[in-house]
>>> print(open('entry.csv').read())   # CSV, N, CA, C and O atoms
chain,number,residue,atom,x,y,z
A,1,TRP,N,131.2,-42.1,-11.0
A,1,TRP,CA,130.1,-42.2,-10.1
A,1,TRP,C,128.8,-42.0,-10.9
A,1,TRP,O,127.8,-42.6,-10.6
A,2,LYS,N,128.8,-41.0,-11.7
A,2,LYS,CA,127.5,-40.6,-12.4
A,2,LYS,C,126.8,-41.8,-13.0
A,2,LYS,O,125.6,-41.8,-12.9
A,3,PRO,N,127.5,-42.7,-13.7
A,3,PRO,CA,126.7,-43.8,-14.4
A,3,PRO,C,126.0,-44.7,-13.4
A,3,PRO,O,125.1,-45.4,-13.8
A,4,HIS,N,126.4,-44.6,-12.1
A,4,HIS,CA,125.8,-45.5,-11.2
A,4,HIS,C,124.7,-44.9,-10.3
A,4,HIS,O,124.1,-45.5,-9.5
A,5,ARG,N,124.6,-43.6,-10.4
A,5,ARG,CA,123.6,-42.8,-9.6
A,5,ARG,C,122.2,-43.2,-9.9
A,5,ARG,O,121.8,-43.5,-11.1
A,6,GLY,N,121.3,-43.3,-8.9
A,6,GLY,CA,119.9,-43.5,-9.1
A,6,GLY,C,119.5,-44.9,-9.4
A,6,GLY,O,118.4,-45.2,-9.8
A,7,LYS,N,120.5,-45.9,-9.3
A,7,LYS,CA,120.2,-47.3,-9.6
A,7,LYS,C,119.9,-48.1,-8.3
A,7,LYS,O,119.7,-49.3,-8.4
A,8,GLY,N,120.0,-47.5,-7.2
A,8,GLY,CA,119.7,-48.2,-5.9
A,8,GLY,C,120.8,-48.9,-5.3
A,8,GLY,O,120.6,-49.7,-4.3
A,9,TYR,N,122.1,-48.8,-5.8
A,9,TYR,CA,123.2,-49.6,-5.3
A,9,TYR,C,123.5,-49.2,-3.8
A,9,TYR,O,123.7,-50.0,-3.0
A,10,ALA,N,123.5,-47.9,-3.6
A,10,ALA,CA,123.8,-47.4,-2.2
A,10,ALA,C,122.7,-47.9,-1.2
A,10,ALA,O,123.0,-48.3,-0.1
A,11,THR,N,121.5,-47.8,-1.6
A,11,THR,CA,120.4,-48.2,-0.8
A,11,THR,C,120.4,-49.7,-0.5
A,11,THR,O,120.3,-50.1,0.6
A,12,GLU,N,120.7,-50.5,-1.5
A,12,GLU,CA,120.8,-51.9,-1.3
A,12,GLU,C,122.0,-52.2,-0.4
A,12,GLU,O,121.8,-53.1,0.5
A,13,ALA,N,123.1,-51.6,-0.5
A,13,ALA,CA,124.2,-51.8,0.4
A,13,ALA,C,123.9,-51.4,1.8
A,13,ALA,O,124.2,-52.1,2.8
A,14,ALA,N,123.2,-50.2,2.0
A,14,ALA,CA,122.8,-49.7,3.3
A,14,ALA,C,121.9,-50.7,4.0
A,14,ALA,O,122.0,-51.0,5.2
A,15,LYS,N,120.9,-51.2,3.3
A,15,LYS,CA,119.9,-52.1,3.8
A,15,LYS,C,120.6,-53.4,4.3
A,15,LYS,O,120.3,-53.9,5.4
A,16,ARG,N,121.6,-53.9,3.5
A,16,ARG,CA,122.3,-55.1,3.9
A,16,ARG,C,123.1,-54.8,5.1
A,16,ARG,O,123.3,-55.7,6.0
A,17,LEU,N,123.7,-53.7,5.2
A,17,LEU,CA,124.5,-53.3,6.4
A,17,LEU,C,123.7,-53.3,7.6
A,17,LEU,O,124.1,-53.8,8.7
A,18,VAL,N,122.5,-52.7,7.6
A,18,VAL,CA,121.6,-52.7,8.7
A,18,VAL,C,121.2,-54.1,9.1
A,18,VAL,O,121.3,-54.4,10.3
A,19,ASP,N,120.9,-55.0,8.2
A,19,ASP,CA,120.6,-56.4,8.5
A,19,ASP,C,121.8,-57.0,9.2
A,19,ASP,O,121.6,-57.8,10.2
A,20,TYR,N,123.0,-56.8,8.6
A,20,TYR,CA,124.2,-57.4,9.2
A,20,TYR,C,124.4,-57.0,10.6
A,20,TYR,O,124.7,-57.8,11.5
A,21,VAL,N,124.2,-55.7,10.9
A,21,VAL,CA,124.4,-55.2,12.3
A,21,VAL,C,123.5,-55.9,13.3
A,21,VAL,O,123.9,-56.2,14.4
A,22,PHE,N,122.3,-56.1,12.9
A,22,PHE,CA,121.3,-56.8,13.9
A,22,PHE,C,121.3,-58.3,13.8
A,22,PHE,O,121.2,-58.9,14.8
A,23,GLU,N,121.5,-58.9,12.6
A,23,GLU,CA,121.5,-60.3,12.5
A,23,GLU,C,122.8,-61.0,13.0
A,23,GLU,O,122.8,-61.9,13.7
A,24,ASP,N,123.9,-60.4,12.5
A,24,ASP,CA,125.2,-61.1,12.7
A,24,ASP,C,125.9,-60.5,13.9
A,24,ASP,O,126.5,-61.2,14.7
A,25,LEU,N,125.9,-59.2,14.0
A,25,LEU,CA,126.7,-58.5,15.1
A,25,LEU,C,125.8,-58.5,16.4
A,25,LEU,O,126.4,-58.2,17.5
A,26,LYS,N,124.5,-58.6,16.3
A,26,LYS,CA,123.6,-58.6,17.5
A,26,LYS,C,123.7,-57.3,18.2
A,26,LYS,O,123.5,-57.3,19.5
A,27,LEU,N,123.9,-56.2,17.6
A,27,LEU,CA,123.9,-54.9,18.2
A,27,LEU,C,122.5,-54.4,18.5
A,27,LEU,O,121.5,-54.9,17.9
A,28,GLU,N,122.3,-53.5,19.4
A,28,GLU,CA,121.0,-52.9,19.8
A,28,GLU,C,120.6,-51.7,19.0
A,28,GLU,O,119.5,-51.3,19.0
A,29,LYS,N,121.6,-50.9,18.5
A,29,LYS,CA,121.3,-49.7,17.8
A,29,LYS,C,122.4,-49.4,16.8
A,29,LYS,O,123.6,-49.7,17.0
A,30,LEU,N,122.0,-48.8,15.7
A,30,LEU,CA,122.9,-48.4,14.6
A,30,LEU,C,122.5,-46.9,14.4
A,30,LEU,O,121.4,-46.5,14.3
A,31,PHE,N,123.6,-46.1,14.3
A,31,PHE,CA,123.3,-44.7,13.9
A,31,PHE,C,124.4,-44.2,12.9
A,31,PHE,O,125.4,-44.8,12.7
A,32,ALA,N,124.0,-43.1,12.2
A,32,ALA,CA,124.9,-42.6,11.2
A,32,ALA,C,124.6,-41.1,11.1
A,32,ALA,O,123.6,-40.6,11.6
A,33,ALA,N,125.5,-40.4,10.4
A,33,ALA,CA,125.3,-39.0,10.1
A,33,ALA,C,125.6,-38.7,8.7
A,33,ALA,O,126.3,-39.4,8.0
A,34,TRP,N,124.9,-37.7,8.2
A,34,TRP,CA,125.1,-37.2,6.8
A,34,TRP,C,125.1,-35.7,6.8
A,34,TRP,O,124.5,-35.1,7.6
A,35,PHE,N,125.8,-35.1,5.8
A,35,PHE,CA,125.8,-33.6,5.7
A,35,PHE,C,124.5,-33.2,5.0
A,35,PHE,O,124.1,-33.7,4.0
A,36,THR,N,123.9,-32.2,5.6
A,36,THR,CA,122.7,-31.7,5.1
A,36,THR,C,122.8,-31.1,3.7
A,36,THR,O,121.8,-31.0,3.0
A,37,VAL,N,124.0,-30.8,3.2
A,37,VAL,CA,124.1,-30.3,1.9
A,37,VAL,C,124.1,-31.4,0.8
A,37,VAL,O,124.1,-31.2,-0.4
A,38,ASN,N,124.0,-32.7,1.3
A,38,ASN,CA,123.9,-33.8,0.5
A,38,ASN,C,122.6,-34.7,0.8
A,38,ASN,O,122.7,-35.7,1.4
A,39,PRO,N,121.4,-34.2,0.5
A,39,PRO,CA,120.2,-34.9,0.9
A,39,PRO,C,120.1,-36.3,0.3
A,39,PRO,O,119.4,-37.1,0.9
A,40,ALA,N,120.8,-36.6,-0.8
A,40,ALA,CA,120.7,-37.9,-1.3
A,40,ALA,C,121.2,-39.0,-0.3
A,40,ALA,O,120.7,-40.1,-0.2
A,41,SER,N,122.2,-38.6,0.4
A,41,SER,CA,122.7,-39.5,1.5
A,41,SER,C,121.7,-39.8,2.5
A,41,SER,O,121.5,-40.9,3.0
A,42,GLY,N,120.9,-38.7,2.9
A,42,GLY,CA,119.9,-38.9,3.9
A,42,GLY,C,118.8,-39.8,3.4
A,42,GLY,O,118.2,-40.6,4.1
A,43,ARG,N,118.4,-39.7,2.1
A,43,ARG,CA,117.4,-40.5,1.5
A,43,ARG,C,117.8,-42.0,1.5
A,43,ARG,O,117.0,-42.9,1.8
A,44,VAL,N,119.1,-42.3,1.2
A,44,VAL,CA,119.6,-43.6,1.3
A,44,VAL,C,119.4,-44.2,2.7
A,44,VAL,O,118.9,-45.4,2.8
A,45,LEU,N,119.8,-43.5,3.7
A,45,LEU,CA,119.7,-44.0,5.1
A,45,LEU,C,118.3,-44.1,5.5
A,45,LEU,O,117.9,-45.1,6.2
A,46,GLU,N,117.4,-43.2,5.1
A,46,GLU,CA,116.0,-43.4,5.4
A,46,GLU,C,115.4,-44.6,4.8
A,46,GLU,O,114.6,-45.4,5.4
A,47,LYS,N,115.7,-44.9,3.5
A,47,LYS,CA,115.3,-46.1,2.8
A,47,LYS,C,115.8,-47.4,3.5
A,47,LYS,O,115.2,-48.4,3.4
A,48,ALA,N,116.9,-47.2,4.2
A,48,ALA,CA,117.5,-48.4,4.9
A,48,ALA,C,116.8,-48.6,6.2
A,48,ALA,O,117.2,-49.5,7.0
A,49,GLY,N,115.9,-47.7,6.6
A,49,GLY,CA,115.1,-47.9,7.8
A,49,GLY,C,115.5,-47.0,8.9
A,49,GLY,O,114.9,-47.2,10.1
A,50,MET,N,116.4,-46.1,8.7
A,50,MET,CA,116.8,-45.2,9.8
A,50,MET,C,115.9,-43.9,9.8
A,50,MET,O,115.3,-43.5,8.8
A,51,THR,N,115.7,-43.4,11.0
A,51,THR,CA,114.9,-42.2,11.2
A,51,THR,C,115.7,-41.1,11.8
A,51,THR,O,116.6,-41.3,12.6
A,52,LYS,N,115.3,-39.9,11.5
A,52,LYS,CA,116.0,-38.7,11.9
A,52,LYS,C,116.0,-38.6,13.5
A,52,LYS,O,114.9,-38.7,14.1
A,53,GLU,N,117.1,-38.3,14.1
A,53,GLU,CA,117.2,-38.1,15.5
A,53,GLU,C,117.6,-36.7,15.9
A,53,GLU,O,117.4,-36.2,17.0
A,54,GLY,N,118.2,-36.0,14.9
A,54,GLY,CA,118.6,-34.6,15.2
A,54,GLY,C,119.6,-34.0,14.2
A,54,GLY,O,120.1,-34.7,13.4
A,55,VAL,N,119.8,-32.7,14.4
A,55,VAL,CA,120.7,-32.0,13.5
A,55,VAL,C,121.7,-31.3,14.4
A,55,VAL,O,121.3,-30.6,15.4
A,56,GLN,N,123.0,-31.4,14.0
A,56,GLN,CA,124.0,-30.6,14.7
A,56,GLN,C,124.4,-29.5,13.7
A,56,GLN,O,125.0,-29.7,12.7
A,57,ARG,N,124.1,-28.3,14.1
A,57,ARG,CA,124.4,-27.1,13.3
A,57,ARG,C,125.9,-26.7,13.4
A,57,ARG,O,126.4,-26.7,14.4
A,58,SER,N,126.4,-26.3,12.2
A,58,SER,CA,127.8,-25.9,12.1
A,58,SER,C,128.8,-26.8,12.8
A,58,SER,O,129.7,-26.4,13.5
A,59,GLN,N,128.6,-28.1,12.6
A,59,GLN,CA,129.3,-29.1,13.3
A,59,GLN,C,130.7,-29.3,12.7
A,59,GLN,O,131.7,-29.6,13.4
A,60,PHE,N,130.9,-29.2,11.4
A,60,PHE,CA,132.1,-29.4,10.8
A,60,PHE,C,132.6,-28.2,10.0
A,60,PHE,O,131.9,-27.5,9.4
A,61,LEU,N,133.9,-28.0,10.1
A,61,LEU,CA,134.5,-26.8,9.4
A,61,LEU,C,135.3,-27.3,8.2
A,61,LEU,O,136.2,-28.2,8.3
A,62,LYS,N,135.0,-26.8,7.0
A,62,LYS,CA,135.7,-27.1,5.8
A,62,LYS,C,137.0,-26.3,5.7
A,62,LYS,O,137.1,-25.2,6.3
A,63,LYS,N,137.9,-26.7,4.8
A,63,LYS,CA,139.1,-25.9,4.6
A,63,LYS,C,138.8,-24.5,4.1
A,63,LYS,O,139.5,-23.6,4.3
A,64,SER,N,137.7,-24.4,3.4
A,64,SER,CA,137.3,-23.1,2.8
A,64,SER,C,136.8,-22.2,3.9
A,64,SER,O,136.6,-21.0,3.6
A,65,GLY,N,136.6,-22.7,5.1
A,65,GLY,CA,136.1,-21.8,6.1
A,65,GLY,C,134.6,-22.0,6.3
A,65,GLY,O,134.0,-21.5,7.3
A,66,ASP,N,133.9,-22.6,5.4
A,66,ASP,CA,132.5,-22.9,5.5
A,66,ASP,C,132.2,-23.9,6.6
A,66,ASP,O,133.0,-24.8,6.8
A,67,ARG,N,131.1,-23.8,7.2
A,67,ARG,CA,130.6,-24.8,8.2
A,67,ARG,C,129.5,-25.6,7.6
A,67,ARG,O,128.7,-25.2,6.9
A,68,LEU,N,129.5,-26.9,8.0
A,68,LEU,CA,128.5,-27.9,7.6
A,68,LEU,C,127.7,-28.3,8.7
A,68,LEU,O,128.2,-28.6,9.8
A,69,ASP,N,126.4,-28.5,8.5
A,69,ASP,CA,125.5,-29.1,9.4
A,69,ASP,C,125.5,-30.6,9.2
A,69,ASP,O,125.6,-31.1,8.0
A,70,SER,N,125.3,-31.4,10.2
A,70,SER,CA,125.1,-32.8,10.0
A,70,SER,C,123.8,-33.3,10.6
A,70,SER,O,123.3,-32.8,11.6
A,71,CYS,N,123.2,-34.2,10.0
A,71,CYS,CA,121.9,-34.8,10.4
A,71,CYS,C,122.2,-36.2,10.9
A,71,CYS,O,122.8,-37.0,10.2
A,72,TRP,N,121.7,-36.5,12.1
A,72,TRP,CA,121.9,-37.9,12.7
A,72,TRP,C,120.7,-38.7,12.5
A,72,TRP,O,119.6,-38.2,12.8
A,73,VAL,N,120.8,-39.9,12.1
A,73,VAL,CA,119.7,-40.9,12.0
A,73,VAL,C,120.1,-42.2,12.7
A,73,VAL,O,121.3,-42.4,12.9
A,74,GLY,N,119.1,-42.9,13.0
A,74,GLY,CA,119.4,-44.2,13.7
A,74,GLY,C,118.2,-45.2,13.6
A,74,GLY,O,117.1,-44.8,13.2
A,75,VAL,N,118.5,-46.4,14.0
A,75,VAL,CA,117.5,-47.4,14.0
A,75,VAL,C,117.8,-48.4,15.2
A,75,VAL,O,119.0,-48.7,15.4
A,76,THR,N,116.8,-48.8,16.0
A,76,THR,CA,117.1,-49.7,17.0
A,76,THR,C,116.7,-51.1,16.6
A,76,THR,O,116.1,-51.3,15.6
A,77,ARG,N,117.2,-52.1,17.3
A,77,ARG,CA,116.9,-53.5,17.0
A,77,ARG,C,115.4,-53.7,17.0
A,77,ARG,O,114.9,-54.4,16.1
A,78,ALA,N,114.6,-53.2,17.9
A,78,ALA,CA,113.2,-53.4,18.0
A,78,ALA,C,112.5,-52.8,16.7
A,78,ALA,O,111.6,-53.4,16.2
A,79,GLU,N,112.9,-51.6,16.3
A,79,GLU,CA,112.4,-51.0,15.1
A,79,GLU,C,112.7,-51.8,13.9
A,79,GLU,O,111.8,-52.1,13.1
A,80,TRP,N,113.9,-52.3,13.8
A,80,TRP,CA,114.3,-53.1,12.7
A,80,TRP,C,113.5,-54.4,12.6
A,80,TRP,O,113.0,-54.8,11.6
A,81,ALA,N,113.4,-55.0,13.8
A,81,ALA,CA,112.6,-56.3,13.9
A,81,ALA,C,111.2,-56.1,13.5
A,81,ALA,O,110.6,-57.0,12.8
A,82,SER,N,110.5,-55.1,13.9
A,82,SER,CA,109.1,-54.9,13.6
A,82,SER,C,108.9,-54.7,12.1
A,82,SER,O,108.0,-55.1,11.5
A,83,ARG,N,109.9,-54.0,11.5
A,83,ARG,CA,109.8,-53.8,10.0
A,83,ARG,C,110.1,-55.1,9.2
A,83,ARG,O,109.5,-55.2,8.1
A,84,LYS,N,110.9,-55.9,9.8
A,84,LYS,CA,111.2,-57.2,9.1
A,84,LYS,C,110.2,-58.3,9.5
A,84,LYS,O,110.4,-59.4,9.0
A,85,GLY,N,109.3,-58.0,10.4
A,85,GLY,CA,108.3,-59.0,10.8
A,85,GLY,C,108.9,-60.0,11.8
A,85,GLY,O,108.5,-61.2,11.9
A,86,LYS,N,110.0,-59.6,12.5
A,86,LYS,CA,110.7,-60.5,13.4
A,86,LYS,C,110.4,-60.2,14.9
A,86,LYS,O,111.0,-60.7,15.7
A,87,ALA,N,109.4,-59.3,15.1
A,87,ALA,CA,109.1,-58.9,16.5
A,87,ALA,C,108.4,-59.9,17.2
A,87,ALA,O,107.8,-60.8,16.7
>>> encode(input="entry.csv", output="structure tokens")
Amino acid sequence: WKPHRGKGYATEAAKRLVDYVFEDLKLEKLFAAWFTVNPASGRVLEKAGMTKEGVQRSQFLKKSGDRLDSCWVGVTRAEWASRKGKA
């Protein structure tokens, strides 16, 4: 993984997925979650056009007994269309 970090591959894939959801699947909203201990995942989703909707504290329990917070992000068709100039 390390040789591929920071080259924009994940962001490119996420942007294409967002476009696919609205262009091909015709959905009205897309949402996702990422663990707050991994802010790089959050940056990828923000670059793909998603905005923060909320945080769920202590949502997941790891085998180690530690709890993880998750951050939820989303984008609506109208938000996506206005960014793409399709409104």
>>> atom_distance(input="entry.csv", atom1="CA of Leu27 in chain A", atom2="CA of Arg77 in chain A")
7.2 Å
>>> residues_around(input="entry.csv", residues="Ser58 in chain A", least_positions_apart="4", cutoff="10 Å", atoms="only C-alpha atoms", output="VMD selection string")
chain A and resid 66 to 70
>>> residues_near_point(input="entry.csv", point="(116.7, -53.6, 19.9)", cutoff="7 Å", atoms="only C-alpha atoms", output="compact mmCIF listing (two decimals) with N, CA, C and O atoms, in the frame of the given file")
# COMPACT_ATOMS: atom_id res chain seq x y z
N GLU A 28 122.30 -53.50 19.40
CA GLU A 28 121.00 -52.90 19.80
C GLU A 28 120.60 -51.70 19.00
O GLU A 28 119.50 -51.30 19.00
N LYS A 29 121.60 -50.90 18.50
CA LYS A 29 121.30 -49.70 17.80
C LYS A 29 122.40 -49.40 16.80
O LYS A 29 123.60 -49.70 17.00
N THR A 76 116.80 -48.80 16.00
CA THR A 76 117.10 -49.70 17.00
C THR A 76 116.70 -51.10 16.60
O THR A 76 116.10 -51.30 15.60
N ARG A 77 117.20 -52.10 17.30
CA ARG A 77 116.90 -53.50 17.00
C ARG A 77 115.40 -53.70 17.00
O ARG A 77 114.90 -54.40 16.10
N ALA A 78 114.60 -53.20 17.90
CA ALA A 78 113.20 -53.40 18.00
C ALA A 78 112.50 -52.80 16.70
O ALA A 78 111.60 -53.40 16.20
N GLU A 79 112.90 -51.60 16.30
CA GLU A 79 112.40 -51.00 15.10
C GLU A 79 112.70 -51.80 13.90
O GLU A 79 111.80 -52.10 13.10
>>> atom_distance(input="entry.csv", atom1="atom N of Lys47 in chain A", atom2="atom O of Phe60 in chain A")
24.5 Å
>>> closest_residue(input="entry.csv", among="A:Arg83, A:Val18, A:Gly42, A:Gln56", to="Leu30 in chain A", atoms="all atoms listed in the file")
A:Val18
>>> atom_distance(input="entry.csv", atom1="atom O of Phe22 in chain A", atom2="atom C of Gly85 in chain A")
12.7 Å
>>> residues_around(input="entry.csv", residues="range 3-10 of chain A", least_positions_apart="4", cutoff="8 Å", atoms="all atoms listed in the file", output="PyMOL selection string")
chain A and resi 14-17+44-45+48
>>> write_last_selection(input="entry.csv", atoms="N, CA, C and O atoms", output="PDB file, keeping the file's coordinate frame")
ATOM      1  N   ALA A  14     123.200 -50.200   2.000  1.00  0.00           N
ATOM      2  CA  ALA A  14     122.800 -49.700   3.300  1.00  0.00           C
ATOM      3  C   ALA A  14     121.900 -50.700   4.000  1.00  0.00           C
ATOM      4  O   ALA A  14     122.000 -51.000   5.200  1.00  0.00           O
ATOM      5  N   LYS A  15     120.900 -51.200   3.300  1.00  0.00           N
ATOM      6  CA  LYS A  15     119.900 -52.100   3.800  1.00  0.00           C
ATOM      7  C   LYS A  15     120.600 -53.400   4.300  1.00  0.00           C
ATOM      8  O   LYS A  15     120.300 -53.900   5.400  1.00  0.00           O
ATOM      9  N   ARG A  16     121.600 -53.900   3.500  1.00  0.00           N
ATOM     10  CA  ARG A  16     122.300 -55.100   3.900  1.00  0.00           C
ATOM     11  C   ARG A  16     123.100 -54.800   5.100  1.00  0.00           C
ATOM     12  O   ARG A  16     123.300 -55.700   6.000  1.00  0.00           O
ATOM     13  N   LEU A  17     123.700 -53.700   5.200  1.00  0.00           N
ATOM     14  CA  LEU A  17     124.500 -53.300   6.400  1.00  0.00           C
ATOM     15  C   LEU A  17     123.700 -53.300   7.600  1.00  0.00           C
ATOM     16  O   LEU A  17     124.100 -53.800   8.700  1.00  0.00           O
ATOM     17  N   VAL A  44     119.100 -42.300   1.200  1.00  0.00           N
ATOM     18  CA  VAL A  44     119.600 -43.600   1.300  1.00  0.00           C
ATOM     19  C   VAL A  44     119.400 -44.200   2.700  1.00  0.00           C
ATOM     20  O   VAL A  44     118.900 -45.400   2.800  1.00  0.00           O
ATOM     21  N   LEU A  45     119.800 -43.500   3.700  1.00  0.00           N
ATOM     22  CA  LEU A  45     119.700 -44.000   5.100  1.00  0.00           C
ATOM     23  C   LEU A  45     118.300 -44.100   5.500  1.00  0.00           C
ATOM     24  O   LEU A  45     117.900 -45.100   6.200  1.00  0.00           O
ATOM     25  N   ALA A  48     116.900 -47.200   4.200  1.00  0.00           N
ATOM     26  CA  ALA A  48     117.500 -48.400   4.900  1.00  0.00           C
ATOM     27  C   ALA A  48     116.800 -48.600   6.200  1.00  0.00           C
ATOM     28  O   ALA A  48     117.200 -49.500   7.000  1.00  0.00           O
TER      29      ALA A  48
END
>>> closest_residue(input="entry.csv", among="A:Leu61, A:Lys2, A:Ala81, A:Val55", to="Ala32 in chain A", atoms="only C-alpha atoms")
A:Val55
>>> select_by_dssp(input="entry.csv", residues="chain A", states="strand (DSSP E)", output="list in words")
Lys29, Leu30, Phe31, Ala32, Ala33, Trp34, Phe35, Thr51, Lys52, Glu53, Gly54, Val55, Gln56, Arg57, Ser58, Gln59, Phe60, Leu61, Arg67, Leu68, Asp69, Ser70, Cys71, Trp72, Val73, Gly74, Val75 and Thr76 of chain A
>>> residues_around(input="entry.csv", residues="Gly54 in chain A", least_positions_apart="2", cutoff="7 Å", atoms="all atoms listed in the file", output="MDAnalysis selection string")
chainID A and resid 51:52 56 70:73
>>> closest_residue(input="entry.csv", among="A:Lys84, A:Val21, A:Val37, A:Lys26", to="Arg57 in chain A", atoms="only C-alpha atoms")
A:Val37
>>> select_by_dssp(input="entry.csv", residues="chain A", states="helix (DSSP H, G or I)", output="short mmCIF file (atom, residue, chain, number, x, y, z; two decimals) with N, CA, C and O atoms, in the coordinates of the input")
data_model
loop_
_atom_site.label_atom_id
_atom_site.label_comp_id
_atom_site.auth_asym_id
_atom_site.auth_seq_id
_atom_site.Cartn_x
_atom_site.Cartn_y
_atom_site.Cartn_z
N LYS A 2 128.80 -41.00 -11.70
CA LYS A 2 127.50 -40.60 -12.40
C LYS A 2 126.80 -41.80 -13.00
O LYS A 2 125.60 -41.80 -12.90
N PRO A 3 127.50 -42.70 -13.70
CA PRO A 3 126.70 -43.80 -14.40
C PRO A 3 126.00 -44.70 -13.40
O PRO A 3 125.10 -45.40 -13.80
N HIS A 4 126.40 -44.60 -12.10
CA HIS A 4 125.80 -45.50 -11.20
C HIS A 4 124.70 -44.90 -10.30
O HIS A 4 124.10 -45.50 -9.50
N TYR A 9 122.10 -48.80 -5.80
CA TYR A 9 123.20 -49.60 -5.30
C TYR A 9 123.50 -49.20 -3.80
O TYR A 9 123.70 -50.00 -3.00
N ALA A 10 123.50 -47.90 -3.60
CA ALA A 10 123.80 -47.40 -2.20
C ALA A 10 122.70 -47.90 -1.20
O ALA A 10 123.00 -48.30 -0.10
N THR A 11 121.50 -47.80 -1.60
CA THR A 11 120.40 -48.20 -0.80
C THR A 11 120.40 -49.70 -0.50
O THR A 11 120.30 -50.10 0.60
N GLU A 12 120.70 -50.50 -1.50
CA GLU A 12 120.80 -51.90 -1.30
C GLU A 12 122.00 -52.20 -0.40
O GLU A 12 121.80 -53.10 0.50
N ALA A 13 123.10 -51.60 -0.50
CA ALA A 13 124.20 -51.80 0.40
C ALA A 13 123.90 -51.40 1.80
O ALA A 13 124.20 -52.10 2.80
N ALA A 14 123.20 -50.20 2.00
CA ALA A 14 122.80 -49.70 3.30
C ALA A 14 121.90 -50.70 4.00
O ALA A 14 122.00 -51.00 5.20
N LYS A 15 120.90 -51.20 3.30
CA LYS A 15 119.90 -52.10 3.80
C LYS A 15 120.60 -53.40 4.30
O LYS A 15 120.30 -53.90 5.40
N ARG A 16 121.60 -53.90 3.50
CA ARG A 16 122.30 -55.10 3.90
C ARG A 16 123.10 -54.80 5.10
O ARG A 16 123.30 -55.70 6.00
N LEU A 17 123.70 -53.70 5.20
CA LEU A 17 124.50 -53.30 6.40
C LEU A 17 123.70 -53.30 7.60
O LEU A 17 124.10 -53.80 8.70
N VAL A 18 122.50 -52.70 7.60
CA VAL A 18 121.60 -52.70 8.70
C VAL A 18 121.20 -54.10 9.10
O VAL A 18 121.30 -54.40 10.30
N ASP A 19 120.90 -55.00 8.20
CA ASP A 19 120.60 -56.40 8.50
C ASP A 19 121.80 -57.00 9.20
O ASP A 19 121.60 -57.80 10.20
N TYR A 20 123.00 -56.80 8.60
CA TYR A 20 124.20 -57.40 9.20
C TYR A 20 124.40 -57.00 10.60
O TYR A 20 124.70 -57.80 11.50
N VAL A 21 124.20 -55.70 10.90
CA VAL A 21 124.40 -55.20 12.30
C VAL A 21 123.50 -55.90 13.30
O VAL A 21 123.90 -56.20 14.40
N PHE A 22 122.30 -56.10 12.90
CA PHE A 22 121.30 -56.80 13.90
C PHE A 22 121.30 -58.30 13.80
O PHE A 22 121.20 -58.90 14.80
N GLU A 23 121.50 -58.90 12.60
CA GLU A 23 121.50 -60.30 12.50
C GLU A 23 122.80 -61.00 13.00
O GLU A 23 122.80 -61.90 13.70
N PRO A 39 121.40 -34.20 0.50
CA PRO A 39 120.20 -34.90 0.90
C PRO A 39 120.10 -36.30 0.30
O PRO A 39 119.40 -37.10 0.90
N ALA A 40 120.80 -36.60 -0.80
CA ALA A 40 120.70 -37.90 -1.30
C ALA A 40 121.20 -39.00 -0.30
O ALA A 40 120.70 -40.10 -0.20
N SER A 41 122.20 -38.60 0.40
CA SER A 41 122.70 -39.50 1.50
C SER A 41 121.70 -39.80 2.50
O SER A 41 121.50 -40.90 3.00
N GLY A 42 120.90 -38.70 2.90
CA GLY A 42 119.90 -38.90 3.90
C GLY A 42 118.80 -39.80 3.40
O GLY A 42 118.20 -40.60 4.10
N ARG A 43 118.40 -39.70 2.10
CA ARG A 43 117.40 -40.50 1.50
C ARG A 43 117.80 -42.00 1.50
O ARG A 43 117.00 -42.90 1.80
N VAL A 44 119.10 -42.30 1.20
CA VAL A 44 119.60 -43.60 1.30
C VAL A 44 119.40 -44.20 2.70
O VAL A 44 118.90 -45.40 2.80
N LEU A 45 119.80 -43.50 3.70
CA LEU A 45 119.70 -44.00 5.10
C LEU A 45 118.30 -44.10 5.50
O LEU A 45 117.90 -45.10 6.20
N GLU A 46 117.40 -43.20 5.10
CA GLU A 46 116.00 -43.40 5.40
C GLU A 46 115.40 -44.60 4.80
O GLU A 46 114.60 -45.40 5.40
N LYS A 47 115.70 -44.90 3.50
CA LYS A 47 115.30 -46.10 2.80
C LYS A 47 115.80 -47.40 3.50
O LYS A 47 115.20 -48.40 3.40
N ARG A 77 117.20 -52.10 17.30
CA ARG A 77 116.90 -53.50 17.00
C ARG A 77 115.40 -53.70 17.00
O ARG A 77 114.90 -54.40 16.10
N ALA A 78 114.60 -53.20 17.90
CA ALA A 78 113.20 -53.40 18.00
C ALA A 78 112.50 -52.80 16.70
O ALA A 78 111.60 -53.40 16.20
N GLU A 79 112.90 -51.60 16.30
CA GLU A 79 112.40 -51.00 15.10
C GLU A 79 112.70 -51.80 13.90
O GLU A 79 111.80 -52.10 13.10
N TRP A 80 113.90 -52.30 13.80
CA TRP A 80 114.30 -53.10 12.70
C TRP A 80 113.50 -54.40 12.60
O TRP A 80 113.00 -54.80 11.60
N ALA A 81 113.40 -55.00 13.80
CA ALA A 81 112.60 -56.30 13.90
C ALA A 81 111.20 -56.10 13.50
O ALA A 81 110.60 -57.00 12.80
N SER A 82 110.50 -55.10 13.90
CA SER A 82 109.10 -54.90 13.60
C SER A 82 108.90 -54.70 12.10
O SER A 82 108.00 -55.10 11.50
N ARG A 83 109.90 -54.00 11.50
CA ARG A 83 109.80 -53.80 10.00
C ARG A 83 110.10 -55.10 9.20
O ARG A 83 109.50 -55.20 8.10
N LYS A 84 110.90 -55.90 9.80
CA LYS A 84 111.20 -57.20 9.10
C LYS A 84 110.20 -58.30 9.50
O LYS A 84 110.40 -59.40 9.00
#
